[in-house]
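Student: Got a structure for you, written out below as structure tokens; questions coming shortly.
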Amino acid sequence: MDRQQHVELMRRIAVVVLTYNRAGELRRTLDKLLALPVSPAIVVVDNGSTDGTAQMMHSCFAKVRYIRQARNLGAAARNAGVLAVETPYVAFCDDDTWWAAGALERAVALLDAYPHVSVLCARVLVGIEEREDPTCTAMAKSPLPCEQLPGPALLGFLAGASVMRRDAFLEAGGYEPRLFIGGEEGLLALDMAAGGWKMAYVPELIVHHHPSSLRDSSTRNKHLARNALWVCWMRLPYGAALRQSWRILREASRSGILKPVLAEALSGIPWALKHRRRVPPQVARWHQWLHG
């Protein structure tokens with residue numbers, strides 16, 4: 001790739017990195033991104049870290065744009081990153097994930113070629129063993145119709161391993177702050193699909209994920225279940241919402257988290273119903289094909 005092609009490519013894509021109290025992991029991710037053959041603009045959105053992240057950014061990565069939130073906004077902090085860039089496409093990663101060489105260039109080419117596609121979800125390789133993330137295995141088997149798409153059709157994606165069309169992201173409203181972290185992609189994906197956008201899994205796009213040891217898996221699992229319940233009642237037909245709620249609560253019971261999930265979910269149901277906007281019938285059918 002010559003210099004002119006490189007400059008043109010970088011006018012088309014930027015990377016938004018979300019972080020919170022993981023300065024060490026963030027340093028590794030930024031080193032990996034800055035070492036790519038192409039040099040995309042990078043925006044780090046910090047959810048108010050207190051572990052020295054700000055000092056590290058100013059001293060070691062002064063050329064990387066750094067946005068520090070006053071408090072932890074969870075996934076919704078990514079919205080600030082998207083607003084801060086002007087490129088038509090935005091690649092997302094977290095502080096423990098990074099894009100492989102060649103992936104961003106290929107993503108730009110695909111989004112240019114498929115103007116009706118809003119999201120490309122990458123194949124995630126986990127750890128030094130580079131095991132395929134089980135979610136990717138499931139996405140590869142998606143039963144949704146995939147005509148005129150660069151890969152299997154999706155009704156969801158991995159937030160830290162996706163490239164999005166910026167206009168589609170903003171049109172759909174970005175990430176909902178109340179969902180915080182844990183399945184936050186579900187609502188955004190349904191709203192994009194309701195707007196007529198398509199999403200695809202493209203395994204040739206590679207993201208590396210070295211899971212941080214600084215993870216609160218218990219809280220995240222509760223949020224996953226709670227958010228799934230809220231999204232059901234915000235977007236699905238009532239019958240489908242009932243069926244999905246029963247399935248989610250059954251799984252929460254098996255995991256031993258039914259009581260806190262039910263308490264949190266019920267407290268937010270008035271808010272969810274206030275923001276209810278039913279998806280088109282075709283999108284509801286796709287959801288049923290995927291989730292039963």
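For the structure tokens, the naming scheme is as follows: chains receive sequential letters (A, B, ...) according to their order of presentation, residues are indexed from 1 within each chain, and ligands are indexed from 1 in presentation order.
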Would you pick out the contacts of A:Gly196 at 12 Å or less, using only C-alpha atoms, so that residues sharing its chain but fewer than 3 positions from it are not included, and give the list as a count of residues only?
Tutor: 18
Student: If we count only C-alpha atoms and set the cut-off at 8 Å, which residues sit around A:Leu26, ignoring sequence neighbours fewer than 6 positions away in its own chain? Please answer as a PDB file with N, CA and C atoms, in the first residue's frame.
Tutor:
```pdb
ATOM      1  N   THR A  19     -12.001   1.690  28.121  1.00  0.00           N
ATOM      2  CA  THR A  19     -11.179   1.187  29.221  1.00  0.00           C
ATOM      3  C   THR A  19     -11.712   1.642  30.570  1.00  0.00           C
ATOM      4  N   ASP A  95     -10.033  -2.730  26.243  1.00  0.00           N
ATOM      5  CA  ASP A  95      -8.637  -2.625  26.644  1.00  0.00           C
ATOM      6  C   ASP A  95      -7.924  -3.968  26.676  1.00  0.00           C
ATOM      7  N   ASP A  96      -8.655  -5.063  26.479  1.00  0.00           N
ATOM      8  CA  ASP A  96      -7.998  -6.374  26.411  1.00  0.00           C
ATOM      9  C   ASP A  96      -8.211  -7.056  25.064  1.00  0.00           C
TER      10      ASP A  96
END
```
Student: Could you tell me how far atom CA of A:Pro270 lies from atom CA of A:Ala159, in Å and to one decimal?
Tutor: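 Between these atoms lies a distance of 26.5 Å.
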Student: Of the candidates A:Arg123, A:Ser255, A:Lys32, A:Leu273, which one gets nearest to A:Gly151 if we count only C-alpha atoms?
Tutor: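 For A:Gly151, the nearest of the given residues is A:Arg123.
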Student: Please identify all polymer residues within 7 Å of A:Pro237, counting only C-alpha atoms, omitting same-chain residues fewer than 3 positions from it, and present them as a ChimeraX atom specification.
Tutor: /A:240-241,278
Student: The selected residues should be written to file as a short mmCIF file (atom, residue, chain, number, x, y, z; two decimals), in the first residue's frame (atoms: all heavy atoms).
Tutor:
```cif
data_model
loop_
_atom_site.label_atom_id
_atom_site.label_comp_id
_atom_site.auth_asym_id
_atom_site.auth_seq_id
_atom_site.Cartn_x
_atom_site.Cartn_y
_atom_site.Cartn_z
N ALA A 240 -43.64 -12.93 22.48
CA ALA A 240 -42.23 -13.29 22.38
C ALA A 240 -41.47 -12.85 23.63
O ALA A 240 -40.58 -13.55 24.12
CB ALA A 240 -41.61 -12.66 21.14
N ALA A 241 -41.85 -11.68 24.16
CA ALA A 241 -41.19 -11.19 25.37
C ALA A 241 -41.44 -12.13 26.54
O ALA A 241 -40.53 -12.40 27.34
CB ALA A 241 -41.69 -9.78 25.70
N ARG A 278 -41.79 -1.42 19.44
CA ARG A 278 -41.77 -2.78 18.90
C ARG A 278 -41.06 -2.83 17.55
O ARG A 278 -41.29 -1.99 16.68
CB ARG A 278 -43.20 -3.30 18.75
CG ARG A 278 -43.29 -4.81 18.79
CD ARG A 278 -44.72 -5.26 18.81
NE ARG A 278 -45.14 -5.72 17.49
CZ ARG A 278 -46.28 -6.32 17.24
NH1 ARG A 278 -47.16 -6.50 18.21
NH2 ARG A 278 -46.58 -6.72 16.03
#
```
Student: Using only C-alpha atoms, can you tell me which of A:Phe169, A:Phe92, A:Phe61, A:Trp230 comes closest to A:Ser267?
Tutor: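 Under the stated criterion, the closest residue is A:Trp230.
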Student: Could you please write out, as a PyMOL selection string, every residue of stretch 57-133 of chain A that DSSP assigns to strand (DSSP E)?
Tutor: chain A and resi 65-68+89-94+97-99+117-126+131-132
Student: Dump N, CA and C atoms for the selected residues as a compact mmCIF listing (two decimals), in the first residue's frame?
Tutor:
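Wrote it out as out-v2.txt, contents follow:
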```txt
# COMPACT_ATOMS: atom_id res chain seq x y z
N ARG A 65 -5.73 10.28 21.05
CA ARG A 65 -6.77 11.11 21.66
C ARG A 65 -7.35 10.38 22.87
N TYR A 66 -7.45 11.12 23.97
CA TYR A 66 -7.86 10.53 25.24
C TYR A 66 -9.04 11.31 25.79
N ILE A 67 -10.16 10.59 26.02
CA ILE A 67 -11.36 11.21 26.58
C ILE A 67 -11.63 10.53 27.92
N ARG A 68 -11.61 11.31 28.98
CA ARG A 68 -11.86 10.75 30.31
C ARG A 68 -13.22 11.17 30.81
N TYR A 89 -16.41 5.05 9.18
CA TYR A 89 -16.43 3.75 9.84
C TYR A 89 -15.66 3.82 11.16
N VAL A 90 -16.15 3.06 12.14
CA VAL A 90 -15.52 3.03 13.46
C VAL A 90 -15.32 1.57 13.87
N ALA A 91 -14.08 1.24 14.22
CA ALA A 91 -13.77 -0.09 14.76
C ALA A 91 -13.72 0.02 16.28
N PHE A 92 -14.29 -0.95 16.95
CA PHE A 92 -14.32 -0.92 18.41
C PHE A 92 -13.45 -2.05 18.98
N CYS A 93 -12.77 -1.73 20.06
CA CYS A 93 -12.15 -2.79 20.85
C CYS A 93 -12.12 -2.33 22.31
N ASP A 94 -11.90 -3.28 23.18
CA ASP A 94 -11.79 -2.98 24.60
C ASP A 94 -10.31 -2.98 24.98
N THR A 97 -8.57 -6.27 24.03
CA THR A 97 -8.70 -6.79 22.68
C THR A 97 -8.00 -5.86 21.70
N TRP A 98 -7.55 -6.42 20.56
CA TRP A 98 -6.95 -5.58 19.53
C TRP A 98 -7.13 -6.24 18.16
N TRP A 99 -7.11 -5.41 17.12
CA TRP A 99 -7.32 -5.85 15.75
C TRP A 99 -6.03 -6.40 15.16
N VAL A 117 -24.97 -2.64 4.84
CA VAL A 117 -24.47 -3.31 6.05
C VAL A 117 -23.99 -2.26 7.05
N SER A 118 -24.45 -2.39 8.29
CA SER A 118 -24.06 -1.43 9.33
C SER A 118 -22.97 -1.95 10.24
N VAL A 119 -22.89 -3.28 10.40
CA VAL A 119 -21.94 -3.86 11.35
C VAL A 119 -21.27 -5.09 10.74
N LEU A 120 -19.95 -5.15 10.89
CA LEU A 120 -19.19 -6.36 10.60
C LEU A 120 -18.63 -6.85 11.92
N CYS A 121 -18.92 -8.08 12.27
CA CYS A 121 -18.39 -8.65 13.50
C CYS A 121 -17.23 -9.57 13.17
N ALA A 122 -16.14 -9.41 13.90
CA ALA A 122 -14.92 -10.16 13.62
C ALA A 122 -14.91 -11.52 14.31
N ARG A 123 -13.98 -12.35 13.88
CA ARG A 123 -13.69 -13.62 14.55
C ARG A 123 -12.73 -13.33 15.69
N VAL A 124 -13.06 -13.77 16.88
CA VAL A 124 -12.25 -13.47 18.07
C VAL A 124 -11.43 -14.69 18.45
N LEU A 125 -10.14 -14.48 18.55
CA LEU A 125 -9.22 -15.53 18.98
C LEU A 125 -8.75 -15.22 20.39
N VAL A 126 -8.94 -16.17 21.29
CA VAL A 126 -8.76 -15.93 22.73
C VAL A 126 -7.43 -16.48 23.22
N ARG A 131 -7.69 -19.61 20.76
CA ARG A 131 -8.91 -20.41 20.67
C ARG A 131 -10.04 -19.54 20.13
N GLU A 132 -10.85 -20.10 19.27
CA GLU A 132 -11.98 -19.34 18.75
C GLU A 132 -13.02 -19.14 19.84
```
Student: List the neighbours of A:Ser39 out to 12 Å using only C-alpha atoms; skip same-chain residues closer than 4 positions along the sequence, and give me the result as a ChimeraX atom specification.
Tutor: /A:3,5-15,30-35,63-64,99,101-102,104-105
Student: Using only C-alpha atoms, please write the residues we just selected to a file, as a PDB file, in the first residue's frame.
Tutor:
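After the write, again_30.pdb holds the following:
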```pdb
ATOM      1  CA  ARG A   3       1.335   6.472   1.076  1.00  0.00           C
ATOM      2  CA  GLN A   5      -3.692   4.765  -0.293  1.00  0.00           C
ATOM      3  CA  HIS A   6      -2.672   4.684   3.364  1.00  0.00           C
ATOM      4  CA  VAL A   7      -3.818   8.263   3.948  1.00  0.00           C
ATOM      5  CA  GLU A   8      -7.107   7.646   2.144  1.00  0.00           C
ATOM      6  CA  LEU A   9      -7.775   4.522   4.195  1.00  0.00           C
ATOM      7  CA  MET A  10      -7.172   6.349   7.437  1.00  0.00           C
ATOM      8  CA  ARG A  11      -9.695   8.974   6.445  1.00  0.00           C
ATOM      9  CA  ARG A  12     -12.278   6.214   6.424  1.00  0.00           C
ATOM     10  CA  ILE A  13     -11.802   4.387   9.724  1.00  0.00           C
ATOM     11  CA  ALA A  14     -10.914   5.156  13.343  1.00  0.00           C
ATOM     12  CA  VAL A  15     -10.604   2.914  16.392  1.00  0.00           C
ATOM     13  CA  LEU A  30      -2.402   0.456  22.248  1.00  0.00           C
ATOM     14  CA  ASP A  31       1.058  -0.912  21.497  1.00  0.00           C
ATOM     15  CA  LYS A  32      -0.561  -3.553  19.274  1.00  0.00           C
ATOM     16  CA  LEU A  33      -2.786  -1.033  17.478  1.00  0.00           C
ATOM     17  CA  LEU A  34       0.036   1.453  16.946  1.00  0.00           C
ATOM     18  CA  ALA A  35       2.211  -1.311  15.481  1.00  0.00           C
ATOM     19  CA  LYS A  63      -0.544  11.396  20.318  1.00  0.00           C
ATOM     20  CA  VAL A  64      -3.567   9.185  21.033  1.00  0.00           C
ATOM     21  CA  TRP A  99      -7.316  -5.852  15.751  1.00  0.00           C
ATOM     22  CA  ALA A 101      -2.958  -6.728  10.819  1.00  0.00           C
ATOM     23  CA  GLY A 102      -5.038  -6.386   7.665  1.00  0.00           C
ATOM     24  CA  LEU A 104      -9.227  -2.844   9.329  1.00  0.00           C
ATOM     25  CA  GLU A 105      -8.271  -2.464   5.668  1.00  0.00           C
TER      26      GLU A 105
END
```
Student: Please return as a compact mmCIF listing (two decimals) with all heavy atoms, in the first residue's frame: the residues of stretch 23-105 of chain A that backbone DSSP assigns to alpha helix (DSSP H).
Tutor:
```txt
# COMPACT_ATOMS: atom_id res chain seq x y z
N ALA A 23 -4.86 -0.21 33.25
CA ALA A 23 -3.77 0.52 32.58
C ALA A 23 -2.81 -0.43 31.89
O ALA A 23 -2.36 -0.15 30.76
CB ALA A 23 -3.03 1.39 33.60
N GLY A 24 -2.47 -1.54 32.53
CA GLY A 24 -1.53 -2.48 31.93
C GLY A 24 -2.06 -3.09 30.65
O GLY A 24 -1.35 -3.16 29.64
N GLU A 25 -3.32 -3.56 30.69
CA GLU A 25 -3.92 -4.14 29.50
C GLU A 25 -4.07 -3.10 28.40
O GLU A 25 -3.86 -3.38 27.22
CB GLU A 25 -5.28 -4.75 29.83
CG GLU A 25 -5.20 -6.04 30.63
CD GLU A 25 -5.23 -5.80 32.13
OE1 GLU A 25 -4.90 -4.69 32.57
OE2 GLU A 25 -5.58 -6.76 32.85
N LEU A 26 -4.45 -1.88 28.78
CA LEU A 26 -4.62 -0.81 27.79
C LEU A 26 -3.29 -0.50 27.09
O LEU A 26 -3.26 -0.30 25.87
CB LEU A 26 -5.16 0.46 28.47
CG LEU A 26 -5.31 1.68 27.57
CD1 LEU A 26 -6.31 1.40 26.44
CD2 LEU A 26 -5.75 2.89 28.38
N ARG A 27 -2.21 -0.48 27.84
CA ARG A 27 -0.90 -0.23 27.24
C ARG A 27 -0.60 -1.28 26.16
O ARG A 27 -0.15 -0.95 25.06
CB ARG A 27 0.19 -0.24 28.31
CG ARG A 27 1.61 -0.04 27.74
CD ARG A 27 2.65 -0.35 28.80
NE ARG A 27 2.73 0.70 29.80
CZ ARG A 27 3.52 1.77 29.71
NH1 ARG A 27 4.31 1.92 28.66
NH2 ARG A 27 3.55 2.66 30.68
N ARG A 28 -0.85 -2.55 26.49
CA ARG A 28 -0.60 -3.61 25.52
C ARG A 28 -1.46 -3.43 24.27
O ARG A 28 -0.97 -3.53 23.14
CB ARG A 28 -0.87 -4.97 26.15
CG ARG A 28 -0.71 -6.15 25.20
CD ARG A 28 -1.11 -7.46 25.87
NE ARG A 28 -2.49 -7.40 26.34
CZ ARG A 28 -3.03 -8.26 27.20
NH1 ARG A 28 -2.30 -9.23 27.71
NH2 ARG A 28 -4.29 -8.14 27.57
N THR A 29 -2.75 -3.14 24.47
CA THR A 29 -3.65 -2.97 23.33
C THR A 29 -3.20 -1.81 22.44
O THR A 29 -3.18 -1.93 21.22
CB THR A 29 -5.09 -2.74 23.83
OG1 THR A 29 -5.59 -3.99 24.33
CG2 THR A 29 -6.01 -2.27 22.72
N LEU A 30 -2.83 -0.69 23.05
CA LEU A 30 -2.40 0.46 22.25
C LEU A 30 -1.09 0.17 21.52
O LEU A 30 -0.91 0.57 20.37
CB LEU A 30 -2.26 1.69 23.14
CG LEU A 30 -3.58 2.24 23.68
CD1 LEU A 30 -3.33 3.43 24.60
CD2 LEU A 30 -4.53 2.64 22.56
N ASP A 31 -0.19 -0.53 22.17
CA ASP A 31 1.06 -0.91 21.50
C ASP A 31 0.75 -1.77 20.27
O ASP A 31 1.37 -1.59 19.20
CB ASP A 31 1.97 -1.68 22.46
CG ASP A 31 2.67 -0.79 23.48
OD1 ASP A 31 2.73 0.45 23.25
OD2 ASP A 31 3.13 -1.32 24.51
N LYS A 32 -0.19 -2.69 20.41
CA LYS A 32 -0.56 -3.55 19.27
C LYS A 32 -1.20 -2.74 18.15
O LYS A 32 -0.89 -2.94 16.96
CB LYS A 32 -1.53 -4.64 19.74
CG LYS A 32 -0.97 -5.62 20.77
CD LYS A 32 0.00 -6.59 20.15
CE LYS A 32 0.40 -7.67 21.14
NZ LYS A 32 1.38 -8.63 20.56
N LEU A 33 -2.11 -1.84 18.50
CA LEU A 33 -2.79 -1.03 17.48
C LEU A 33 -1.82 -0.09 16.78
O LEU A 33 -1.88 0.09 15.55
CB LEU A 33 -3.93 -0.23 18.11
CG LEU A 33 -5.12 -1.04 18.63
CD1 LEU A 33 -6.10 -0.12 19.35
CD2 LEU A 33 -5.82 -1.79 17.51
N LEU A 34 -0.92 0.52 17.54
CA LEU A 34 0.04 1.45 16.95
C LEU A 34 1.08 0.75 16.09
O LEU A 34 1.73 1.39 15.26
CB LEU A 34 0.71 2.26 18.06
CG LEU A 34 -0.20 3.25 18.78
CD1 LEU A 34 0.47 3.80 20.03
CD2 LEU A 34 -0.62 4.39 17.85
N THR A 53 -4.32 5.38 34.80
CA THR A 53 -4.50 5.34 33.34
C THR A 53 -4.27 6.71 32.72
O THR A 53 -3.60 6.83 31.68
CB THR A 53 -5.92 4.83 33.00
OG1 THR A 53 -6.03 3.45 33.37
CG2 THR A 53 -6.20 4.97 31.52
N ALA A 54 -4.82 7.76 33.33
CA ALA A 54 -4.67 9.10 32.76
C ALA A 54 -3.20 9.50 32.67
O ALA A 54 -2.75 10.03 31.65
CB ALA A 54 -5.46 10.11 33.59
N GLN A 55 -2.45 9.25 33.73
CA GLN A 55 -1.03 9.60 33.73
C GLN A 55 -0.29 8.83 32.65
O GLN A 55 0.58 9.38 31.95
CB GLN A 55 -0.42 9.33 35.11
CG GLN A 55 -0.97 10.21 36.22
CD GLN A 55 -2.19 9.60 36.91
OE1 GLN A 55 -3.00 8.91 36.27
NE2 GLN A 55 -2.33 9.88 38.20
N MET A 56 -0.60 7.54 32.50
CA MET A 56 0.05 6.73 31.47
C MET A 56 -0.25 7.27 30.08
O MET A 56 0.64 7.36 29.23
CB MET A 56 -0.41 5.27 31.57
CG MET A 56 0.25 4.36 30.55
SD MET A 56 -0.58 2.75 30.39
CE MET A 56 -2.09 3.22 29.52
N MET A 57 -1.50 7.62 29.84
CA MET A 57 -1.88 8.13 28.52
C MET A 57 -1.12 9.41 28.20
O MET A 57 -0.61 9.58 27.09
CB MET A 57 -3.39 8.37 28.47
CG MET A 57 -4.23 7.11 28.46
SD MET A 57 -3.90 6.02 27.05
CE MET A 57 -4.23 7.12 25.67
N HIS A 58 -1.03 10.32 29.16
CA HIS A 58 -0.36 11.60 28.91
C HIS A 58 1.14 11.44 28.73
O HIS A 58 1.76 12.14 27.93
CB HIS A 58 -0.66 12.57 30.04
CG HIS A 58 -2.09 12.98 30.12
ND1 HIS A 58 -2.82 13.41 29.02
CD2 HIS A 58 -2.97 13.04 31.17
CE1 HIS A 58 -4.06 13.70 29.39
NE2 HIS A 58 -4.18 13.47 30.68
N SER A 59 1.73 10.48 29.44
CA SER A 59 3.19 10.34 29.38
C SER A 59 3.65 9.40 28.27
O SER A 59 4.73 9.61 27.68
CB SER A 59 3.73 9.84 30.72
OG SER A 59 3.20 8.55 31.02
N CYS A 60 2.85 8.39 27.93
CA CYS A 60 3.30 7.37 26.98
C CYS A 60 2.56 7.41 25.63
O CYS A 60 3.09 6.90 24.63
CB CYS A 60 3.15 5.98 27.58
SG CYS A 60 4.05 5.72 29.10
N ARG A 78 -18.74 4.56 24.93
CA ARG A 78 -18.33 4.45 23.53
C ARG A 78 -18.99 5.52 22.68
O ARG A 78 -18.45 5.92 21.64
CB ARG A 78 -18.69 3.07 22.97
CG ARG A 78 -17.95 1.91 23.61
CD ARG A 78 -18.23 0.62 22.85
NE ARG A 78 -17.59 -0.52 23.48
CZ ARG A 78 -18.21 -1.44 24.21
NH1 ARG A 78 -19.51 -1.35 24.41
NH2 ARG A 78 -17.54 -2.45 24.74
N ASN A 79 -20.17 5.99 23.08
CA ASN A 79 -20.86 7.02 22.31
C ASN A 79 -19.99 8.27 22.16
O ASN A 79 -19.97 8.90 21.10
CB ASN A 79 -22.19 7.39 22.97
CG ASN A 79 -23.14 6.21 23.08
OD1 ASN A 79 -22.96 5.18 22.45
ND2 ASN A 79 -24.18 6.36 23.90
N ALA A 80 -19.28 8.62 23.24
CA ALA A 80 -18.41 9.79 23.18
C ALA A 80 -17.28 9.59 22.19
O ALA A 80 -16.86 10.52 21.49
CB ALA A 80 -17.84 10.09 24.58
N GLY A 81 -16.78 8.37 22.10
CA GLY A 81 -15.72 8.07 21.15
C GLY A 81 -16.20 8.21 19.72
O GLY A 81 -15.49 8.76 18.86
N VAL A 82 -17.40 7.72 19.44
CA VAL A 82 -17.95 7.83 18.09
C VAL A 82 -18.19 9.29 17.72
O VAL A 82 -17.88 9.73 16.60
CB VAL A 82 -19.25 7.02 17.98
CG1 VAL A 82 -19.89 7.22 16.61
CG2 VAL A 82 -18.98 5.54 18.22
N LEU A 83 -18.69 10.07 18.65
CA LEU A 83 -18.92 11.49 18.38
C LEU A 83 -17.62 12.25 18.16
O LEU A 83 -17.60 13.28 17.49
CB LEU A 83 -19.70 12.12 19.54
CG LEU A 83 -21.16 11.68 19.67
CD1 LEU A 83 -21.77 12.20 20.97
CD2 LEU A 83 -21.99 12.15 18.47
N ALA A 84 -16.53 11.73 18.70
CA ALA A 84 -15.24 12.44 18.61
C ALA A 84 -14.54 12.23 17.28
O ALA A 84 -13.58 12.94 16.97
CB ALA A 84 -14.32 11.98 19.74
N ALA A 103 -6.98 -6.47 9.13
CA ALA A 103 -8.41 -6.55 9.40
C ALA A 103 -9.12 -5.23 9.11
O ALA A 103 -10.21 -5.22 8.51
CB ALA A 103 -8.65 -6.96 10.85
N LEU A 104 -8.55 -4.13 9.51
CA LEU A 104 -9.23 -2.84 9.33
C LEU A 104 -9.31 -2.47 7.85
O LEU A 104 -10.33 -1.94 7.40
CB LEU A 104 -8.51 -1.75 10.12
CG LEU A 104 -8.48 -1.96 11.64
CD1 LEU A 104 -7.74 -0.81 12.32
CD2 LEU A 104 -9.88 -2.09 12.21
N GLU A 105 -8.25 -2.75 7.10
CA GLU A 105 -8.27 -2.46 5.67
C GLU A 105 -9.38 -3.27 4.98
O GLU A 105 -10.11 -2.76 4.13
CB GLU A 105 -6.92 -2.79 5.02
CG GLU A 105 -5.75 -2.02 5.59
CD GLU A 105 -5.01 -2.78 6.67
OE1 GLU A 105 -5.67 -3.18 7.67
OE2 GLU A 105 -3.80 -2.96 6.53
```
Student: Near A:Tyr175, counting only C-alpha atoms, which residues have an atom at most 7 Å away, once you skip same-chain residues fewer than 6 positions from it, shown as an NGL selection string?
Tutor: :A and (75-76 or 79 or 184 or 188)
Student: Convert the current residue selection to file output with N, CA and C atoms, as a tab-separated table (two decimals), in the first residue's frame.
Tutor:
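Listed below is the output, part.tsv:
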```tsv
chain	number	residue	atom	x	y	z
A	75	ALA	N	-20.83	0.76	28.84
A	75	ALA	CA	-20.72	0.71	27.37
A	75	ALA	C	-21.08	2.03	26.71
A	76	ALA	N	-21.94	2.81	27.34
A	76	ALA	CA	-22.39	4.06	26.73
A	76	ALA	C	-21.26	5.07	26.57
A	79	ASN	N	-20.17	5.99	23.08
A	79	ASN	CA	-20.86	7.02	22.31
A	79	ASN	C	-19.99	8.27	22.16
A	184	GLU	N	-25.01	-5.32	26.24
A	184	GLU	CA	-25.45	-3.98	25.81
A	184	GLU	C	-25.68	-3.90	24.31
A	188	LEU	N	-29.03	-2.17	20.68
A	188	LEU	CA	-28.51	-1.46	19.52
A	188	LEU	C	-28.69	-2.29	18.25
```
